[in-house]
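Asker: Just dropping this structure here.
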Number of protein chains: 4
Amino acid sequence: MKTCTDETVIPTDTTIPVVGEAKVNNPIKFGRFVSEEDAVLVNISKRNVERTGKARKDPVHQYFEPAGPRGKIYYDTSKTKCAVVTCGGLCPGLNDVVRAIVMTAYHQYNVPSVLGIKYGLAGFIPKYGYDVIELTPDYVSRIHEFGGTILGSSRGPQDPEDIVDALERMNVSVLFMIGGDGTMRAASKVVKVIAKRELSISVVGLPKTIDNDINFASPSFGFDTAVETAANAIRGAHVEATGAPMGVGLVKVMGRHAGYIAAQSALSCQEVNFVLIPEDPFDIEGENGFLAALEKRMHDRGNAVIVVAEGAGQEHLEDSNQKDASGNVKLSDIALMLKSRIVEYLKSKGIEPTLKYIDPSYIIRSVPANANDRIYCSFLGINAVHAGMSGRTSLVISRWNGRYVHIPMSLVTKGKKRINVCSNYWRAVLESTGQPISMKNE
Amino acid sequence: MKTCTDETVIPTDTTIPVVGEAKVNNPIKFGRFVSEEDAVLVNISKRNVERTGKARKDPVHQYFEPAGPRGKIYYDTSKTKCAVVTCGGLCPGLNDVVRAIVMTAYHQYNVPSVLGIKYGLAGFIPKYGYDVIELTPDYVSRIHEFGGTILGSSRGPQDPEDIVDALERMNVSVLFMIGGDGTMRAASKVVKVIAKRELSISVVGLPKTIDNDINFASPSFGFDTAVETAANAIRGAHVEATGAPMGVGLVKVMGRHAGYIAAQSALSCQEVNFVLIPEDPFDIEGENGFLAALEKRMHDRGNAVIVVAEGAGQEHLEDSNQKDASGNVKLSDIALMLKSRIVEYLKSKGIEPTLKYIDPSYIIRSVPANANDRIYCSFLGINAVHAGMSGRTSLVISRWNGRYVHIPMSLVTKGKKRINVCSNYWRAVLESTGQPISMKNE
Amino acid sequence: MKTCTDETVIPTDTTIPVVGEAKVNNPIKFGRFVSEEDAVLVNISKRNVERTGKARKDPVHQYFEPAGPRGKIYYDTSKTKCAVVTCGGLCPGLNDVVRAIVMTAYHQYNVPSVLGIKYGLAGFIPKYGYDVIELTPDYVSRIHEFGGTILGSSRGPQDPEDIVDALERMNVSVLFMIGGDGTMRAASKVVKVIAKRELSISVVGLPKTIDNDINFASPSFGFDTAVETAANAIRGAHVEATGAPMGVGLVKVMGRHAGYIAAQSALSCQEVNFVLIPEDPFDIEGENGFLAALEKRMHDRGNAVIVVAEGAGQEHLEDSNQKDASGNVKLSDIALMLKSRIVEYLKSKGIEPTLKYIDPSYIIRSVPANANDRIYCSFLGINAVHAGMSGRTSLVISRWNGRYVHIPMSLVTKGKKRINVCSNYWRAVLESTGQPISMKNE
Amino acid sequence: MKTCTDETVIPTDTTIPVVGEAKVNNPIKFGRFVSEEDAVLVNISKRNVERTGKARKDPVHQYFEPAGPRGKIYYDTSKTKCAVVTCGGLCPGLNDVVRAIVMTAYHQYNVPSVLGIKYGLAGFIPKYGYDVIELTPDYVSRIHEFGGTILGSSRGPQDPEDIVDALERMNVSVLFMIGGDGTMRAASKVVKVIAKRELSISVVGLPKTIDNDINFASPSFGFDTAVETAANAIRGAHVEATGAPMGVGLVKVMGRHAGYIAAQSALSCQEVNFVLIPEDPFDIEGENGFLAALEKRMHDRGNAVIVVAEGAGQEHLEDSNQKDASGNVKLSDIALMLKSRIVEYLKSKGIEPTLKYIDPSYIIRSVPANANDRIYCSFLGINAVHAGMSGRTSLVISRWNGRYVHIPMSLVTKGKKRINVCSNYWRAVLESTGQPISMKNE
């Protein structure tokens with residue numbers, strides 16, 4: 001029935017490139033430096049370990065390199081300029097990452113300057129005329145209390161040659177790029193241009209996705225805050241649905257290819273009756289379809305709360321064939337379609353619904369990070385600086401099985417993480433909603 | 001230039017009708033009973049006092065009757081059944097009012113029963129088949145922690161004869177009606193049917209309007225909570241607007257005829273650049289129009305936050321000529337119109353805006369009341385019971401100049417309160433936004 | 001039984017002094033200037049109006065002068081330097097007041113400079129060596145998002161001669177003083193020194209009291225936020241009290257001479273069983289005393305929540321005879337005394353209580369203002385600037401019966417506002433708690 | 001210098017006992033049942049894997065059994081009664097765990113009854129006379145919106161024979177015990193009595209610790225919420241410290257043997273200058289001691305925020321030698337001691353500090369769980385029911401490396417988890433505070 005998506009991507013290579021040999025003593029005075037023995041196992045379930053073992057003789061296990069400070073580093077940090085850029089849509093925690101990078105670079109590695117690039121990749125391109133910001137500890141000290149990004153952001157690619165020109169012009173040795181998979185692909189191109197020009201510039205990525213759909217970033221930063229904020233909106237939908245006869249609360253949340261926000265916030269609320277996600281296709285019409293299931297709920301209980309991920313049910317919509325500035329396909333609006341279909345259908349069945357539609361997307365994207373995400377973002381930023389100073393490049397910082405690790409940039413841009421609809425996780429969602437296990441007719 | 005709206009409505013009569021003579025001793029043991037000397041002056045500014053004085057010789061002052069317990073009451077409360085109904089759209093504080101009515105009726109007046117009517121006026125009508133809820137102190141003890149109304153609500157009128165039939169059938173002596181001006185008009189009709197049938201049933205209204213546009217209710221309950229919640233959404237719009245090059249944050253808030261939520265939440269945020277309200281008409285095109293002013297802002301600062309009340313600029317929209325179930329004219333959507341016009345116009349001027357649109361309406365309506373509104377709602381409910389038990393009818397409970405008072409129902413349904421665009425209040429809004437004093441071309 | 005405190009203080013004179021004749025045209029371009037006809041009646045209940053009428057022949061009514069911009073002002077504002085100082089304990093909203101003063105002075109009156117005095121009155125005194133801050137619109141633009149005061153504060157008096165020396169040295173023409181009644185008394189002394197030296201310096205006060213106990217400030221700014229925050233702590237006490245057998249939650253809140261925070265937050269929570277305030281003395285021992293009443297509650301319900309104002313029951317404590325830096329008598333700790341007496345007493349009666357004590361004082365004082373207080377503080381700051389520029393001095397800005405008014409400084413320092421224990425307000429508190437009307441033995 | 005605590009406890013046996021052979025088909029219709037291949041590796045870092053490999057030949061890896069539903073279970077669930085008890089201090093999320101247990105038992109396993117035991121282990125003992133609650137889905141449906149535990153809790157042991165008597169009397173087959181390590185030890189004793197009497201009763205533990213100090217529970221439920229709430233209190237301390245000349249904010253948080261709340265909330269706030277925890281001993285006096293470091297901070301910056309875990313610095317206090325009802329040693333109050341020493345010391349150095357002390361403990365314990373903890377608690381409860389129905393006993397449910405697992409009860413009560421003061425985690429805390437790496441004199 002269900003096509004089970006297997007979550008596990010087995011990496012073939014977890015080696016991180018470097019810009020040169022690390023010979024400089026790390027100026028950090030306290031604490032353990034990372035040893036290679038600290039490597040973190042990629043797959044931790046018995047099934048995977050054994051399977052991997054059988055499949056490939058040597059090595060039996062795949063490890064990720066641990067993040068953290070190294071005893072020997074590459075740059076003479078007191079002469080090393082850094083730069084930070086934030087790209088793509090807003091996500092809680094951006095300012096926390098920026099702050100941690102600046103604080104660690106200044107206070108631990110004594111770098112002379114951290115530049116803030118304005119408005120995403122466009123900030124590298126002279127024709128836009130955006131000024132660069134000098135990010136000092138004083139400048140960033142309270143930015144974590146605000147949502148959004150103090151650097152500004154923008155969507156869309158820029159010529160990697162132009163970006164490297166800018167890095168050379170500004171004399172930047174370590175570049176921190178915070179953004180989604182488009183940004184990570186851009187970063188890979190920048191790395192190639194740097195290599196071609198034989199420059200010693202490290203590029204460290206910090207994967208950002210409010211949809212939580214990046215492989216090997218689990219969860220992505222800001223996701224916890226997003227769920228908390230989405231849950232508040234859903235609570236409102238529940239109040240509206242139960243506040244009117246035949247009340248229906250419909251909430252659209254982010255989730256282009258993966259329904260994590262929808263699923264997780266439904267779990268948190270415990271008051272959702274239908275969760276529609278891209279990974280679990282459904283029919284709208286028909287006796288097993290969504291509308292019939294909704295009708296049954298309305299008959300039984302007189303109200304319903306529906307949470308729909310923006311990418312769900314795209315097969316029922318005409319393809320817009322348009323793309324946004326980041327190159328993402330513009331999704332047709334499933335929520336508006338459902339809204340009119342629900343009202344029409346229920347009326348045809350003699351039910352006069354009171355439907356209230358809530359789209360909390362930009363509220364979710366713009367709130368400051370909660371305590372949990374603040375700490376997570378701090379560690380991502382701290383470890384990004386350690387990685388950059390060590391001379392590593394073309395990697396991203398992530399948390400895997402609870403440890404901070406280095407992941408090759410190429411792994412992160414390969415495919416997207418999705419909810420496995422055969423998992424206990426998705427079952428828990430279905431149980432908490434009480435929706436049918438499948439809403440397909442065949 | 002501006003047409004100043006004078007806020008002051010001078011009531012011609014503030015007398016409250018009664019269903020019969022109050023001869024029963026009030027069972028409340030503690031505290032002062034209200035004396036007629038406590039009457040509260042309607043108009044308190046010198047200008048009004050003098051003007052009134054000149055216009056009408058005797059009496060010089062108009063007073064509202066104070067709310068509160070009377071030494072002598074009408075009903076033998078230990079045998080008096082009450083009923084409560086909530087009507088119209090959701091508003092923070094409904095459950096607090098219901099709770100206070102139940103607690104006061106039970107604990108102070110020892111009434112045997114308070115009935116909760118489900119889903120607004122429809123709950124009185126047998127054909128809908130809604131059950132009545134027995135509202136006990138235990139049942140309501142924690143309802144104030146939830147948003148919405150535990151009774152449910154609905155829009156639209158019902159035949160007052162049917163309503164009074166239901167009151168007779170259920171043996172209700174005091175009816176508490178919580179709703180907007182449509183509900184208050186319905187209440188007046190119910191009062192007339194009761195009088196015609198020569199029944200001893202008191203009807204006490206509790207005016208509800210999230211728009212804060214009811215005369216002599218200042219502010220209306222739930223308004224403070226609504227402003228606080230709207231301000232959070234606006235903060236999100238500000239973050240989005242400053243997070244992208246040429247960012248525009250557009251927020252639509254409630255306000256059909258009065259822009260109080262828009263104005264007040266803008267004052268609270270201090271980060272809004274344009275507030276558009278029904279009371280202050282504006283041109284969209286033209287050199288003094290809104291788009292030109294917005295263009296200037298974008299040139300000067302690179303971002304803008306716009307808050308628009310749903311009833312603003314209706315003159316620019318085709319009349320839909322449709323009405324909702326409550327009989328309110330369905331407004332055309334000014335925000336969606338502005339959204340497309342802004343993008344189109346700015347693009348034509350060479351500005352590529354990133355516009356983010358937020359509609360927090362149902363989130364605002366569904367949150368629980370904040371501490372301030374909780375207390376306010378408690379006192380409204382408490383005083384409603386005092387009024388009902390005293391045998392008063394056809395009145396509403398309100399706060400006026402800081403005191404709880406009785407207001408004749410007829411006064412409340414006469415006209416709507418609006419922002420005076422010549423007032424210091426509106427000036428403060430304009431100053432905090434920096435928008436032009438007028439956006440009319442002539 | 002109860003000694004009723006009459007809240008109404010009848011002022012004998014409401015005239016506001018000026019530093020000189022207002023001859024300069026107000027540079028504000030938009031809106032109505034205040035006319036003297038807008039004066040606001042002091043007492044609005046029939047009782048008071050009539051009584052006043054009988055007592056004093058002429059005038060029958062007392063009016064407060066309305067706040068707001070005047071057509072003619074005293075200072076040539078483009079050459080007028082201002083200064084702001086915050087004194088005493090923290091209170092939500094301080095930064096909002098400061099921000100509004102700076103924004104109004106700059107944007108509306110084009111003043112060249114607003115100085116921020118650090119750490120209260122000590123900031124005027126050279127020996128402490130505190131720098132003065134130049135408060136620009138840019139500097140203050142986001143300060144309202146933080147709690148506390150960016151200026152810092154301190155307690156205690158300084159020599160008014162030294163303060164005026166500093167004003168002369170810095171060439172300040174208008175001084176805004178934000179603080180409690182101690183600060184207002186200091187302000188009066190500064191006014192006298194200014195008069196003696198024949199200087200043209202206006203002093204405008206903004207009364208601050210988290211206890212809400214200043215006459216003619218109703219409520220004081222920050223009070224609403226304080227109640228909201230206190231209510232959260234009380235909710236915690238309720239959870240603790242019901243989470244253990246024989247659970248007792250004891251919460252101490254601010255309120256040296258007036259129990260407004262205790263009473264108001266109890267009303268907001270609806271989960272408090274005893275509110276102890278300075279205005280309503282109680283016995284601890286004896287058959288009608290507090291402990292006996294608590295014992296009864298524990299027997300009946302198995303738990304209790306007690307909210308005690310810090311100034312309650314001082315007659316049961318040994319006088320410490322100490323004063324703090326502001327000259328306030330140091331209160332002995334009623335809460336710690338109650339804590340040990342409760343445990344001891346209940347144990348002696350065979351009840352093994354689980355008592356949890358919460359003191360949220362500094363959390364309450366340090367939160368940012370909520371939406372309601374933000375707007376209130378803005379208008380206080382705006383109107384303070386209007387008053388100062390007009391040449392008025394020795395006044396405070398307040399809200400009275402919903403209008404912003406000028407009040408002579410002398411009125412505000414005369415006595416304290418207290419809860420009237422015979423009022424409907426206090427009755428509502430007693431009803432919501434269910435505590436005995438009196439806990440005195442005689 | 002520092003004594004590094006090695007966090008890794010290597011379990012010798014991870015087998016879970018059963019009450020009998022699982023032969024019954026699981027009534028759950030949807031989803032994958034757990035296979036033994038899903039086992040989760042205990043140690044995931046290369047170092048540990050290799051070290052374990054060297055130390056003990058066979059097996060190389062230790063696995064925890066995965067939590068989740070089994071195809072074959074032990075109980076005929078439609079005839080199986082369950083019971084739930086909550087023990088010890090309050091912790092956010094208790095109601096969420098209870099709710100998930102009830103919902104899963106009813107909706108998935110169709111059990112006829114889930115009993116709620118009142119007030120901890122005392123609820124089993126007849127002499128206390130506490131009623132048992134019938135926990136239905138309807139009863140628990142909204143309890144997750146409240147803090148605390150609807151069951152009530154208590155501290156202290158009860159005779160395991162009496163507890164098993166009660167289980168027999170009530171005909172309970174599966175007992176869920178939520179509590180700290182004392183409770184888990186009590187659970188082990190109950191298991192032994194059950195075995196001795198040859199009864200078929202499963203006992204499933206859910207480890208609860210607001211201190212986050214239980215081995216193999218990482219983090220413990222409620223910890224994230226606790227950190228978020230503590231961070232708010234610390235923010236207040238920061239506002240107070242910077243709001244006065246020489247301001248000191250001192251916050252005491254929970255943490256008897258482990259400083260996780262102190263460390264984590266300091267990381268979240270980024271505004272703390274000293275974190276004092278039990279794992280990192282410090283001198284108070286002396287040139288490298290805490291007071292000297294504080295004095296330096298006050299000279300340099302004029303303010304300081306100090307967060308102290310309640311168990312820190314116990315070596316500086318006289319041993320109270322008292323124990324509470326749970327048998328925990330009563331700690332002497334380090335915060336009150338520091339408070340007086342700080343003031344005394346700074347005064348002796350010519351600094352007049354304004355110290356504000358905040359103890360948010362009971363506020364932290366009583367808040368409702370945040371979104372993250374809600375979901376976590378749901379899964380703990382769901383998996384507890386799966387484990388119980390399968391006939392497993394003497395185990396706890398935990399999350400390990402992101403997976404839900406079964407852990408032998410004995411492992412959890414062996415030792416406590418503590419912060420490793422040589423870890424990158426603790427270094428990050430020290431860096432964020434800027435406090436000296438060591439405050440020991442030798």
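Residues in the structure tokens are numbered from 1 in each chain, the chains being A, B, ... in the order shown, and ligands are numbered from 1 in the order shown.
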List the neighbours of Ile163 of chain A out to 8 Å using only C-alpha atoms; skip same-chain residues closer than 2 positions along the sequence, and give me the result as a list in words.
Answerer: Leu121, Phe124, Ile125, Gln158, Asp159, Pro160, Glu161, Asp165, Ala166, Leu167 and Val190 of chain A
Asker: Just write the chosen residues, C-alpha atoms, as a short mmCIF file (atom, residue, chain, number, x, y, z; two decimals), in the first residue's frame.
Answerer:
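Wrote it out as out-v3.cif, contents follow:
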```
data_model
loop_
_atom_site.label_atom_id
_atom_site.label_comp_id
_atom_site.auth_asym_id
_atom_site.auth_seq_id
_atom_site.Cartn_x
_atom_site.Cartn_y
_atom_site.Cartn_z
CA LEU A 121 24.95 36.35 -2.27
CA PHE A 124 29.17 40.13 -2.95
CA ILE A 125 28.24 41.73 -6.24
CA GLN A 158 25.24 34.81 -8.27
CA ASP A 159 28.24 34.07 -10.41
CA PRO A 160 30.77 32.17 -8.27
CA GLU A 161 33.62 33.93 -10.09
CA ASP A 165 36.58 38.15 -6.81
CA ALA A 166 34.91 39.81 -3.85
CA LEU A 167 36.62 37.47 -1.38
CA VAL A 190 32.73 28.82 -4.94
#
```
Asker: Could the residues of chain C within 7 Å of chain B, counting only C-alpha atoms, be given as a PyMOL selection string, please?
Answerer: chain C and resi 31-32+37-41+44-47+224+228+267-268+371-372+374-375+401-402+422-424+427
Asker: Excluding same-chain residues fewer than 6 positions from Phe216 of chain C, what lies within 10 Å of it counting only C-alpha atoms, as a list in words?
Answerer: Thr8, Val9, Val42, Pro207, Val396, Ile397, Ser398, Arg399, Trp400, Asn401, Val405, Ile407, Leu411, Val412, Lys416 and Lys417 of chain C
Asker: Suppose you want the space between atom CA of Leu395 of chain B and atom CA of Ile178 of chain B; what is it in Å?
Answerer: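 A separation of 12.0 Å between them.
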Asker: Hey, what's within 9 Å of segment 386-392 of chain B if we count only C-alpha atoms and toss same-chain stuff fewer than 5 positions away? As a PyMOL selection string, please?
Answerer: chain B and resi 16-22+24+26+67-77+80+104-105+109+173-176+200-204+381+397+406
Asker: Here is a test: counting only C-alpha atoms, which residue of B:Val140, B:Ala233, B:Met177, B:Ala217 is nearest to Pro360 of chain A?
Answerer: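 The closest residue to Pro360 of chain A is B:Ala233.
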Asker: Take atom CA of Arg197 of chain C and atom CA of Met184 of chain C and report the distance between them in Å, one decimal.
Answerer: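 One can read the atom CA of Arg197 of chain C to atom CA of Met184 of chain C distance as 19.9 Å.
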Asker: Using DSSP on the backbone, list every residue of segment 205-367 of chain C that comes out as helix (DSSP H, G or I), and give them as a PyMOL selection string.
Answerer: chain C and resi 223-242+260-269+290-301+314-316+334-348+361-366
Asker: Can you write just those residues out, C-alpha atoms, as an mmCIF file, in the first residue's frame?
Answerer:
```cif
data_model
loop_
_atom_site.group_PDB
_atom_site.id
_atom_site.type_symbol
_atom_site.label_atom_id
_atom_site.label_comp_id
_atom_site.auth_asym_id
_atom_site.auth_seq_id
_atom_site.Cartn_x
_atom_site.Cartn_y
_atom_site.Cartn_z
ATOM 1 C CA PHE C 223 1.405 48.016 36.722
ATOM 2 C CA ASP C 224 -0.476 46.044 34.085
ATOM 3 C CA THR C 225 2.708 44.230 33.077
ATOM 4 C CA ALA C 226 3.535 43.591 36.722
ATOM 5 C CA VAL C 227 0.139 42.005 37.324
ATOM 6 C CA GLU C 228 0.488 39.802 34.261
ATOM 7 C CA THR C 229 3.896 38.587 35.415
ATOM 8 C CA ALA C 230 2.800 38.099 39.017
ATOM 9 C CA ALA C 231 -0.188 36.095 37.801
ATOM 10 C CA ASN C 232 2.188 33.675 36.075
ATOM 11 C CA ALA C 233 4.078 33.106 39.300
ATOM 12 C CA ILE C 234 0.827 32.564 41.174
ATOM 13 C CA ARG C 235 -0.232 30.014 38.602
ATOM 14 C CA GLY C 236 2.967 28.161 39.456
ATOM 15 C CA ALA C 237 2.079 28.272 43.145
ATOM 16 C CA HIS C 238 -1.334 26.824 42.336
ATOM 17 C CA VAL C 239 0.238 23.977 40.381
ATOM 18 C CA GLU C 240 2.600 23.243 43.253
ATOM 19 C CA ALA C 241 -0.170 23.447 45.873
ATOM 20 C CA THR C 242 -2.375 20.988 44.036
ATOM 21 C CA TYR C 260 -2.807 46.401 44.360
ATOM 22 C CA ILE C 261 -0.480 43.863 42.745
ATOM 23 C CA ALA C 262 -1.604 41.151 45.172
ATOM 24 C CA ALA C 263 -5.288 41.934 44.696
ATOM 25 C CA GLN C 264 -5.197 42.420 40.955
ATOM 26 C CA SER C 265 -3.116 39.345 40.160
ATOM 27 C CA ALA C 266 -5.374 37.260 42.411
ATOM 28 C CA LEU C 267 -8.359 38.509 40.422
ATOM 29 C CA SER C 268 -6.603 37.617 37.227
ATOM 30 C CA CYS C 269 -5.722 34.080 38.337
ATOM 31 C CA PHE C 290 -5.496 33.672 59.379
ATOM 32 C CA LEU C 291 -4.056 30.344 60.553
ATOM 33 C CA ALA C 292 -7.439 29.057 61.686
ATOM 34 C CA ALA C 293 -8.941 30.041 58.341
ATOM 35 C CA LEU C 294 -6.092 28.332 56.522
ATOM 36 C CA GLU C 295 -6.537 25.198 58.614
ATOM 37 C CA LYS C 296 -10.210 25.101 57.629
ATOM 38 C CA ARG C 297 -9.294 25.435 53.950
ATOM 39 C CA MET C 298 -6.752 22.611 54.262
ATOM 40 C CA HIS C 299 -9.319 20.382 55.898
ATOM 41 C CA ASP C 300 -11.937 21.167 53.271
ATOM 42 C CA ARG C 301 -9.836 21.139 50.116
ATOM 43 C CA GLN C 314 3.811 44.544 59.481
ATOM 44 C CA GLU C 315 2.195 44.984 62.894
ATOM 45 C CA HIS C 316 3.096 41.349 63.596
ATOM 46 C CA ILE C 334 6.203 38.921 56.469
ATOM 47 C CA ALA C 335 6.438 36.061 53.986
ATOM 48 C CA LEU C 336 9.289 34.270 55.727
ATOM 49 C CA MET C 337 7.507 34.716 59.040
ATOM 50 C CA LEU C 338 4.267 33.317 57.627
ATOM 51 C CA LYS C 339 6.138 30.459 56.017
ATOM 52 C CA SER C 340 7.483 29.175 59.313
ATOM 53 C CA ARG C 341 4.285 29.908 61.257
ATOM 54 C CA ILE C 342 2.131 28.073 58.724
ATOM 55 C CA VAL C 343 4.256 24.938 58.793
ATOM 56 C CA GLU C 344 4.521 24.969 62.570
ATOM 57 C CA TYR C 345 0.795 25.592 63.081
ATOM 58 C CA LEU C 346 -0.480 23.036 60.582
ATOM 59 C CA LYS C 347 1.868 20.389 61.970
ATOM 60 C CA SER C 348 0.528 21.111 65.453
ATOM 61 C CA SER C 361 9.767 40.339 42.687
ATOM 62 C CA TYR C 362 12.811 40.906 40.500
ATOM 63 C CA ILE C 363 11.395 38.937 37.627
ATOM 64 C CA ILE C 364 8.342 41.210 37.722
ATOM 65 C CA ARG C 365 10.416 44.367 37.851
ATOM 66 C CA SER C 366 12.668 43.437 34.962
#
```
